[in-house]
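Engineer: What follows is the file data_31.txt, containing compact mmCIF, C-alpha atoms:
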# COMPACT_ATOMS: atom_id res chain seq x y z
CA MET A 1 24.24 -7.16 9.76
CA VAL A 2 20.93 -8.97 10.25
CA ARG A 3 19.15 -5.65 10.75
CA VAL A 4 20.71 -4.23 7.58
CA ARG A 5 19.51 -7.27 5.61
CA GLY A 6 16.04 -6.86 7.07
CA ILE A 7 15.89 -3.20 6.07
CA ALA A 8 17.16 -4.06 2.58
CA LEU A 9 14.47 -6.74 2.22
CA VAL A 10 11.75 -4.28 3.27
CA LEU A 11 13.04 -1.72 0.77
CA VAL A 12 13.01 -4.31 -2.01
CA ALA A 13 9.46 -5.31 -1.02
CA CYS A 14 8.26 -1.70 -1.11
CA ALA A 15 9.95 -1.21 -4.48
CA CYS A 16 8.15 -4.29 -5.86
CA SER A 17 4.83 -2.96 -4.58
CA ALA A 18 5.47 0.47 -6.10
CA ALA A 19 6.43 -1.03 -9.47
CA ALA A 20 3.33 -3.25 -9.47
CA LEU A 21 1.04 -0.33 -8.61
CA TYR A 22 2.58 1.74 -11.41
CA TRP A 23 1.99 -1.10 -13.88
CA VAL A 24 -1.65 -1.35 -12.81
CA PHE A 25 -2.58 2.33 -12.59
CA GLY A 26 0.08 4.10 -14.65
CA ASP A 27 -1.80 4.07 -17.96
CA ILE A 28 -5.47 4.14 -16.90
CA SER A 29 -7.78 6.81 -15.57
CA ILE A 30 -8.45 6.67 -11.84
CA GLY A 31 -11.84 8.23 -12.58
CA ALA A 32 -12.70 5.34 -14.89
CA VAL A 33 -11.69 2.86 -12.21
CA TRP A 34 -13.86 4.71 -9.68
CA ARG A 35 -16.88 4.59 -11.99
CA GLU A 36 -16.52 0.83 -12.34
CA ARG A 37 -17.32 0.41 -8.65
CA HIS A 38 -21.01 0.70 -9.44
CA ARG A 39 -20.87 -2.66 -11.22
CA VAL A 40 -20.36 -4.68 -8.05
CA ARG A 41 -23.42 -6.50 -6.73
CA LEU A 42 -23.08 -6.48 -2.97
CA ASP A 43 -25.81 -9.08 -2.51
CA VAL A 44 -23.71 -11.52 -4.53
CA TYR A 45 -20.39 -10.50 -3.00
CA ALA A 46 -21.74 -11.08 0.53
CA TRP A 47 -21.46 -14.83 -0.07
CA VAL A 48 -17.68 -14.43 -0.02
CA TYR A 49 -17.61 -14.20 3.77
CA PRO A 50 -19.17 -17.56 4.73
CA VAL A 51 -17.21 -19.29 1.96
CA SER A 52 -13.85 -17.77 2.93
CA GLY A 53 -14.71 -18.36 6.60
CA ALA A 54 -14.91 -22.06 5.78
CA GLY A 55 -11.47 -21.72 4.22
CA PHE A 56 -10.02 -20.32 7.46
CA LEU A 57 -11.55 -23.22 9.40
CA SER A 58 -10.02 -25.74 7.01
CA LEU A 59 -6.59 -24.11 7.54
CA ALA A 60 -7.04 -24.41 11.30
CA TRP A 61 -8.01 -28.07 10.89
CA ARG A 62 -4.92 -28.72 8.75
CA LEU A 63 -2.71 -27.14 11.40
CA ARG A 64 -4.17 -29.42 14.08
CA ILE A 65 -3.47 -32.45 11.85
CA LEU A 66 0.18 -31.44 11.38
CA ALA A 67 0.61 -30.85 15.10
CA ALA A 68 -1.09 -34.09 16.19
CA LEU A 69 2.11 -36.17 16.41
CA GLN A 70 3.78 -33.78 18.85
CA THR A 71 0.98 -31.99 20.68
CA GLN A 72 -2.78 -31.74 21.01
CA MET A 73 -3.65 -28.31 19.69
CA PRO A 74 -7.08 -26.97 20.76
CA TRP A 75 -9.35 -25.68 18.01
CA LEU A 76 -9.33 -22.14 19.36
CA THR A 77 -5.53 -22.09 19.44
CA SER A 78 -5.27 -23.28 15.85
CA ILE A 79 -7.86 -20.72 14.68
CA ARG A 80 -6.03 -17.94 16.49
CA ALA A 81 -2.73 -19.10 14.99
CA VAL A 82 -4.21 -18.91 11.49
CA PHE A 83 -5.51 -15.39 12.13
CA ALA A 84 -2.23 -14.33 13.77
CA GLY A 85 -0.52 -15.21 10.51
CA TYR A 86 -3.21 -13.45 8.50
CA LEU A 87 -2.97 -10.29 10.60
CA GLY A 88 0.82 -10.35 10.37
CA ASN A 89 0.69 -10.56 6.58
CA ALA A 90 -1.88 -7.73 6.51
CA ALA A 91 0.14 -5.42 8.75
CA LEU A 92 3.75 -6.26 7.89
CA PRO A 93 5.73 -6.62 4.63
CA VAL A 94 7.41 -9.69 3.08
CA ARG A 95 4.85 -12.22 4.41
CA ALA A 96 6.08 -11.79 7.99
CA GLY A 97 2.81 -13.32 9.15
CA GLU A 98 4.14 -16.82 8.44
CA VAL A 99 6.91 -16.31 10.99
CA ILE A 100 4.50 -14.72 13.50
CA LYS A 101 2.17 -17.70 13.08
CA ALA A 102 4.99 -20.13 13.85
CA ALA A 103 6.16 -18.08 16.83
CA TYR A 104 2.61 -17.94 18.23
CA ILE A 105 2.21 -21.72 17.87
CA ALA A 106 5.55 -22.33 19.56
CA ARG A 107 4.61 -20.11 22.49
CA GLN A 108 1.19 -21.71 22.94
CA SER A 109 2.37 -25.31 22.60
CA ALA A 110 5.72 -24.95 24.43
CA LEU A 111 7.47 -26.53 21.43
CA PRO A 112 10.62 -25.23 19.72
CA PHE A 113 10.03 -22.43 17.24
CA GLY A 114 11.81 -24.45 14.56
CA THR A 115 9.31 -27.28 14.92
CA ALA A 116 6.35 -24.95 14.37
CA LEU A 117 8.16 -23.34 11.44
CA GLY A 118 8.62 -26.82 9.99
CA TRP A 119 4.83 -27.30 10.02
CA ILE A 120 4.39 -24.00 8.17
CA ALA A 121 6.98 -25.11 5.60
CA VAL A 122 5.10 -28.37 5.04
CA GLU A 123 1.88 -26.38 4.50
CA ARG A 124 3.60 -24.27 1.87
CA VAL A 125 5.00 -27.33 0.08
CA VAL A 126 1.59 -29.02 -0.02
CA ASP A 127 0.00 -25.81 -1.30
CA LEU A 128 2.72 -25.42 -3.92
CA CYS A 129 2.07 -28.94 -5.22
CA CYS A 130 -1.64 -28.10 -5.51
CA LEU A 131 -0.86 -24.88 -7.38
CA LEU A 132 1.48 -26.63 -9.79
CA LEU A 133 -1.17 -29.23 -10.56
CA CYS A 134 -3.76 -26.47 -11.12
CA ALA A 135 -1.37 -24.63 -13.42
CA LEU A 136 -0.65 -27.82 -15.34
CA TRP A 137 -4.40 -28.39 -15.67
CA ILE A 138 -5.25 -25.00 -17.17
CA ILE A 139 -2.15 -24.19 -19.25
CA PRO A 140 -3.41 -26.10 -22.33
CA TRP A 141 -6.75 -24.28 -22.17
CA VAL A 142 -5.18 -20.83 -21.78
CA MET A 143 -2.28 -21.11 -24.23
CA GLY A 144 -3.56 -23.77 -26.61
CA LYS A 145 -2.05 -27.21 -26.78
CA SER A 146 0.01 -26.38 -29.88
CA ALA A 147 1.77 -23.55 -28.01
CA LEU A 148 3.12 -25.79 -25.28
CA GLY A 149 5.50 -27.99 -27.23
CA GLY A 150 7.72 -30.10 -25.00
CA GLY A 151 7.57 -27.59 -22.15
CA VAL A 152 4.56 -29.28 -20.61
CA TYR A 153 6.50 -32.53 -20.24
CA ILE A 154 9.33 -30.73 -18.43
CA PHE A 155 6.79 -29.04 -16.16
CA LEU A 156 5.09 -32.39 -15.49
CA ALA A 157 8.43 -34.08 -14.77
CA LEU A 158 9.45 -31.38 -12.28
CA THR A 159 6.07 -31.61 -10.55
CA ALA A 160 6.32 -35.41 -10.38
CA CYS A 161 9.84 -35.16 -8.92
CA GLY A 162 8.66 -32.75 -6.24
CA VAL A 163 5.72 -34.94 -5.26
CA THR A 164 7.95 -38.03 -5.24
CA CYS A 165 10.44 -36.36 -2.90
CA VAL A 166 7.63 -35.41 -0.52
CA VAL A 167 6.29 -38.98 -0.55
CA ILE A 168 9.75 -40.49 0.06
CA ALA A 169 10.46 -38.03 2.85
CA THR A 170 7.14 -38.95 4.42
CA LEU A 171 7.43 -42.73 4.19
CA ARG A 172 11.21 -43.08 4.54
CA PRO A 173 12.44 -40.06 6.54
CA MET A 174 15.83 -41.68 7.21
CA TRP A 175 16.49 -41.93 3.47
CA MET A 176 15.72 -38.26 2.99
CA ARG A 177 17.87 -37.31 5.98
CA ALA A 178 20.79 -39.23 4.46
CA VAL A 179 20.32 -37.45 1.11
CA MET A 180 19.99 -34.09 2.89
CA THR A 181 23.18 -34.71 4.86
CA LEU A 182 25.04 -35.57 1.66
CA LEU A 183 23.83 -32.44 -0.10
CA LEU A 184 24.60 -30.18 2.86
CA SER A 185 28.13 -31.56 3.10
CA THR A 186 28.90 -30.04 -0.31
CA LEU A 187 27.96 -26.50 0.80
CA GLY A 188 30.63 -25.81 3.39
CA ALA A 189 30.48 -25.79 7.17
CA ARG A 190 28.97 -22.33 7.58
CA ILE A 191 26.10 -22.71 5.12
CA SER A 192 25.35 -26.32 6.04
CA GLY A 193 25.34 -25.40 9.74
CA TRP A 194 22.73 -22.74 9.04
CA LEU A 195 20.58 -24.95 6.81
CA ARG A 196 20.75 -28.22 8.76
CA PRO A 197 18.36 -27.34 11.63
CA LYS A 198 15.86 -25.89 9.15
CA ALA A 199 16.00 -29.03 7.03
CA ASP A 200 15.59 -31.22 10.14
CA ASN A 201 12.54 -29.22 11.27
CA PHE A 202 10.99 -29.53 7.81
CA LEU A 203 11.50 -33.31 7.80
CA ASP A 204 10.03 -33.49 11.30
CA GLY A 205 6.98 -31.68 9.97
CA LEU A 206 6.68 -34.19 7.13
CA SER A 207 6.70 -37.01 9.67
CA ALA A 208 3.18 -35.91 10.61
CA LEU A 209 2.09 -37.40 7.28
CA ALA A 210 3.63 -40.82 7.89
CA GLY A 211 0.30 -42.31 8.93
CA GLY A 212 -2.11 -42.97 6.07
CA ARG A 213 -5.07 -41.55 7.98
CA ARG A 214 -3.24 -38.32 8.86
CA ALA A 215 -2.05 -37.89 5.27
CA GLY A 216 -5.60 -38.41 4.01
CA LEU A 217 -7.03 -35.89 6.47
CA LEU A 218 -4.35 -33.35 5.55
CA LEU A 219 -5.15 -33.75 1.85
CA LEU A 220 -8.87 -33.40 2.63
CA SER A 221 -8.37 -30.21 4.65
CA THR A 222 -6.16 -28.82 1.89
CA LEU A 223 -8.77 -29.68 -0.74
CA LEU A 224 -11.48 -27.93 1.30
CA TYR A 225 -9.30 -24.82 1.57
CA TRP A 226 -8.59 -24.62 -2.16
CA VAL A 227 -12.21 -25.34 -3.10
CA SER A 228 -13.36 -22.51 -0.82
CA THR A 229 -10.73 -20.23 -2.38
CA LEU A 230 -11.87 -21.09 -5.90
CA LEU A 231 -15.50 -20.51 -4.92
CA THR A 232 -14.53 -17.14 -3.44
CA MET A 233 -12.96 -16.06 -6.72
CA GLN A 234 -15.93 -17.33 -8.67
CA ILE A 235 -18.10 -15.10 -6.49
CA TRP A 236 -15.82 -12.15 -7.28
CA LEU A 237 -16.40 -12.67 -11.00
CA ALA A 238 -20.15 -13.08 -10.53
CA ALA A 239 -20.38 -9.96 -8.34
CA PHE A 240 -18.79 -7.89 -11.13
CA ASP A 241 -20.95 -9.63 -13.75
CA LEU A 242 -17.89 -11.00 -15.55
CA HIS A 243 -18.55 -13.93 -17.85
CA THR A 244 -15.24 -15.78 -18.17
CA PRO A 245 -14.31 -19.28 -19.40
CA TRP A 246 -14.81 -22.16 -16.96
CA TYR A 247 -11.15 -22.00 -15.93
CA GLY A 248 -11.30 -18.27 -15.06
CA SER A 249 -11.27 -18.72 -11.28
CA VAL A 250 -8.45 -21.29 -11.49
CA LEU A 251 -6.35 -18.91 -13.58
CA LEU A 252 -7.08 -16.07 -11.14
CA LEU A 253 -6.06 -18.32 -8.23
CA ALA A 254 -2.78 -19.28 -9.92
CA PHE A 255 -1.85 -15.66 -10.70
CA LEU A 256 -2.73 -14.51 -7.18
CA ALA A 257 -0.82 -17.31 -5.47
CA PHE A 258 2.39 -16.68 -7.37
CA GLY A 259 1.92 -12.90 -7.42
CA THR A 260 1.52 -12.60 -3.67
CA ALA A 261 4.55 -14.83 -3.16
CA LEU A 262 6.68 -11.93 -4.43
CA PRO A 263 8.21 -9.54 -1.88
CA ALA A 264 5.65 -6.83 -1.19
CA ALA A 265 4.62 -4.17 1.29
CA ALA A 266 2.02 -4.90 3.96
CA ALA A 267 -1.22 -6.60 2.82
CA TYR A 268 0.37 -7.50 -0.54
CA ILE A 269 -0.32 -3.97 -1.78
CA GLY A 270 0.59 -3.72 -5.43
CA THR A 271 1.47 -7.34 -6.13
CA TYR A 272 -2.11 -8.40 -5.26
CA HIS A 273 -3.57 -5.85 -7.67
CA PHE A 274 -0.99 -6.72 -10.33
CA ALA A 275 -1.88 -10.43 -10.15
CA VAL A 276 -5.63 -9.82 -10.40
CA VAL A 277 -5.34 -7.37 -13.30
CA ALA A 278 -2.86 -9.60 -15.16
CA ALA A 279 -5.08 -12.68 -14.80
CA LEU A 280 -8.23 -10.85 -15.88
CA GLY A 281 -6.30 -9.35 -18.79
CA VAL A 282 -5.57 -12.87 -20.03
CA LEU A 283 -9.32 -13.52 -19.79
CA GLY A 284 -10.06 -10.46 -21.92
CA VAL A 285 -11.33 -8.10 -19.19
CA ALA A 286 -10.68 -4.37 -19.70
CA LYS A 287 -7.92 -3.02 -17.47
CA GLU A 288 -10.10 -0.37 -15.77
CA ARG A 289 -12.69 -2.97 -14.82
CA ALA A 290 -10.04 -5.43 -13.67
CA ALA A 291 -8.37 -2.74 -11.56
CA ALA A 292 -11.72 -1.83 -9.97
CA LEU A 293 -12.31 -5.47 -9.07
CA ALA A 294 -8.79 -5.76 -7.64
CA VAL A 295 -9.17 -2.67 -5.45
CA PHE A 296 -12.61 -3.69 -4.21
CA VAL A 297 -11.93 -7.34 -3.39
CA HIS A 298 -8.61 -6.46 -1.76
CA ALA A 299 -10.16 -3.91 0.60
CA ALA A 300 -13.38 -5.87 1.18
CA GLY A 301 -11.35 -8.97 1.95
CA ILE A 302 -8.46 -7.65 4.02
CA ILE A 303 -10.25 -5.16 6.28
CA PRO A 304 -13.11 -7.31 7.69
CA TRP A 305 -10.94 -10.37 8.30
CA ALA A 306 -8.21 -8.23 9.87
CA LEU A 307 -10.84 -6.89 12.29
CA VAL A 308 -11.92 -10.47 13.06
CA ALA A 309 -8.27 -11.32 13.74
CA VAL A 310 -7.90 -8.37 16.13
CA ILE A 311 -11.03 -9.44 18.04
CA LEU A 312 -9.92 -13.08 18.26
CA LEU A 313 -6.43 -12.10 19.40
CA SER A 314 -7.39 -9.19 21.69
CA ALA A 315 -7.09 -11.33 24.82
CA ALA A 316 -3.75 -12.66 23.62
CA PHE A 317 -2.56 -9.07 23.09
CA LYS A 318 -3.56 -8.14 26.63
CA ARG A 319 -1.87 -11.20 28.17
CA GLY A 320 1.28 -10.69 26.12
CA GLU A 321 0.89 -14.07 24.41
CA LEU A 322 1.67 -12.78 20.95
CA PRO A 323 5.40 -12.80 20.13
CA THR A 324 7.23 -9.50 20.19
CA HIS A 325 10.32 -11.03 18.56
CA VAL A 326 11.15 -14.10 16.50
CA PRO A 327 12.85 -16.90 18.47
CA ARG A 328 16.08 -18.31 17.14
CA GLY A 329 15.66 -21.92 18.15
What is this file in structure tokens?
Structural biologist:
Amino acid sequence: MVRVRGIALVLVACACSAAALYWVFGDISIGAVWRERHRVRLDVYAWVYPVSGAGFLSLAWRLRILAALQTQMPWLTSIRAVFAGYLGNAALPVRAGEVIKAAYIARQSALPFGTALGWIAVERVVDLCCLLLCALWIIPWVMGKSALGGGVYIFLALTACGVTCVVIATLRPMWMRAVMTLLLSTLGARISGWLRPKADNFLDGLSALAGGRRAGLLLLSTLLYWVSTLLTMQIWLAAFDLHTPWYGSVLLLAFLAFGTALPAAAAYIGTYHFAVVAALGVLGVAKERAAALAVFVHAAGIIPWALVAVILLSAAFKRGELPTHVPRG
């Protein structure tokens, strides 16, 4: 049954990628997209690599901060874990790299897989809060304040509730465990039994933020990551000589983050291109030019960093340190 569900999920992911690719390329000339490649300034684009490299280092630093309560994670291990996740997402569908990253951490640190997965879940929650705040920041500029109506207040209230829950879970974990137990008791024994260990691991991951210094360092590492990501996208626009409003890179980041969260084939094929083209369309960029940028930055980003990941993890491959299956505990 589990294997059937996995196959079904992969099929859905491939269907999403195919639909996204059709939306991007179905009504434009491939020849026109190819001609747009001449616009890219490689001397400008080259700055992407040191900037995005700093982003990878900030992710490794954040992972060490989350792990600090339960283990001392060496820098090289945290960097390899980040690239194990990156390589998994590049080579496998449905963001399987997140699970591979957790499994690699668990094997290297001799901690339960669920604990490492809890750290990854905390990372995603922190990133989601950042994305929601970015979206809230730029929505009035993109849509116009008169177009928002009362929706912005609902969005703000939901964001505030999410941040409040994270803060309460961090400072008063027993309160959150009591609330979680109450909620799980309403779902039935089978579902609650499946969800309980995952919820416990997530709350354990949040406990890493209980200290003010650790929470501050985690926020700093997260800020460094998102700043490097925004700078990377600003370089994309400059390399293609695109003059967009000041919020262009933020809008592109928001579209890409939510677009690549959709089920997709390996390396986010389709959904990545869809997100870039959709964001640039909002900014008034012609679809052929937007598609050319999407194809170029996707290939120029994925391939070199995937090669770096293979080099960093080559010794781990030889020693059999990379997981060949996902642990259950």
Engineer: Which residue gives the smallest distance to Val12 (chain A) among A:Pro245, A:Gly259, A:Gly284, A:Pro93, with all atoms listed in the file counted?
Structural biologist: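 Of A:Pro245, A:Gly259, A:Gly284, A:Pro93, the one nearest Val12 (chain A), counting all atoms listed in the file, is A:Pro93.
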Engineer: Given the choices A:Ala81, A:Val227, A:Ala68, A:Val99, which gets closest to Cys130 (chain A) if the distance is worked out from all atoms listed in the file?
Structural biologist: A:Val227
Engineer: What's around Trp23 (chain A) at 9 Å? Count only C-alpha atoms, leave out sequence neighbours fewer than 5 positions away in its own chain, and write the answer as a ChimeraX atom specification.
Structural biologist: /A:18,270,274
Engineer: Which residue out of A:His243, A:Leu230, A:Ala199, A:Thr260 has the minimum interatomic distance to Val122 (chain A) when only C-alpha atoms are used?
Structural biologist: A:Ala199
Engineer: Might you pull out every residue within 8 Å of Leu251 (chain A), with only C-alpha atoms counted and same-chain residues fewer than 5 positions away left off, and present them as a PyMOL selection string?
Structural biologist: chain A and resi 135+138+279
Engineer: Measuring atom to atom with only C-alpha atoms, identify which of A:Val33, A:Leu283, A:Leu128, A:Leu66 is nearest to Ala116 (chain A).
Structural biologist: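 Between A:Val33, A:Leu283, A:Leu128, A:Leu66, the residue approaching Ala116 (chain A) most closely is A:Leu66.
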Engineer: Take CA of His273 (chain A) and CA of Cys129 (chain A) and report the distance between them in Å, one decimal.
Structural biologist: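 A separation of 23.9 Å between them.
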Engineer: With only C-alpha atoms as the basis for distance, which of A:Ala266, A:Ile100, A:Val250, A:Ala46 is at the shortest distance from Met233 (chain A)?
Structural biologist: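 Nearest candidate to Met233 (chain A) out of A:Ala266, A:Ile100, A:Val250, A:Ala46: A:Val250.
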Engineer: With distances taken over only C-alpha atoms, which residue among A:Ala267, A:Val48, A:Cys134, A:Leu69 lies nearest Thr232 (chain A)?
Structural biologist: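 Result for the nearest residue to Thr232 (chain A): A:Val48.
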Engineer: Skip Trp236 (chain A) itself and residues of its chain fewer than 2 positions away, then list as a ChimeraX atom specification all residues within 8 Å of it, counting all atoms listed in the file.
Structural biologist: /A:45,48,232-234,238-240,293,297
Engineer: Have a look at CA of Ile302 (chain A) and CA of Ala67 (chain A) and let me know their distance in Å, one decimal.
Structural biologist: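 Answer for the CA of Ile302 (chain A) to CA of Ala67 (chain A) separation: 27.3 Å.
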Engineer: Need to verify the contact set: Phe56 (chain A), 9 Å, all atoms listed in the file, exclusion of same-chain residues closer than 3 positions in sequence. Can you return it as a count of residues only?
Structural biologist: 9
Engineer: How many Å lie between CA of Tyr247 (chain A) and CA of Val282 (chain A), rounded to one decimal?
Structural biologist: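 Computed distance, CA of Tyr247 (chain A) to CA of Val282 (chain A), equals 11.5 Å.
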Engineer: At a cut-off of 7 Å, using only C-alpha atoms, what residues contact Pro263 (chain A)? Leave out same-chain residues fewer than 3 positions from it and give the result as number ranges by chain.
Structural biologist: A: 13, 16, 94
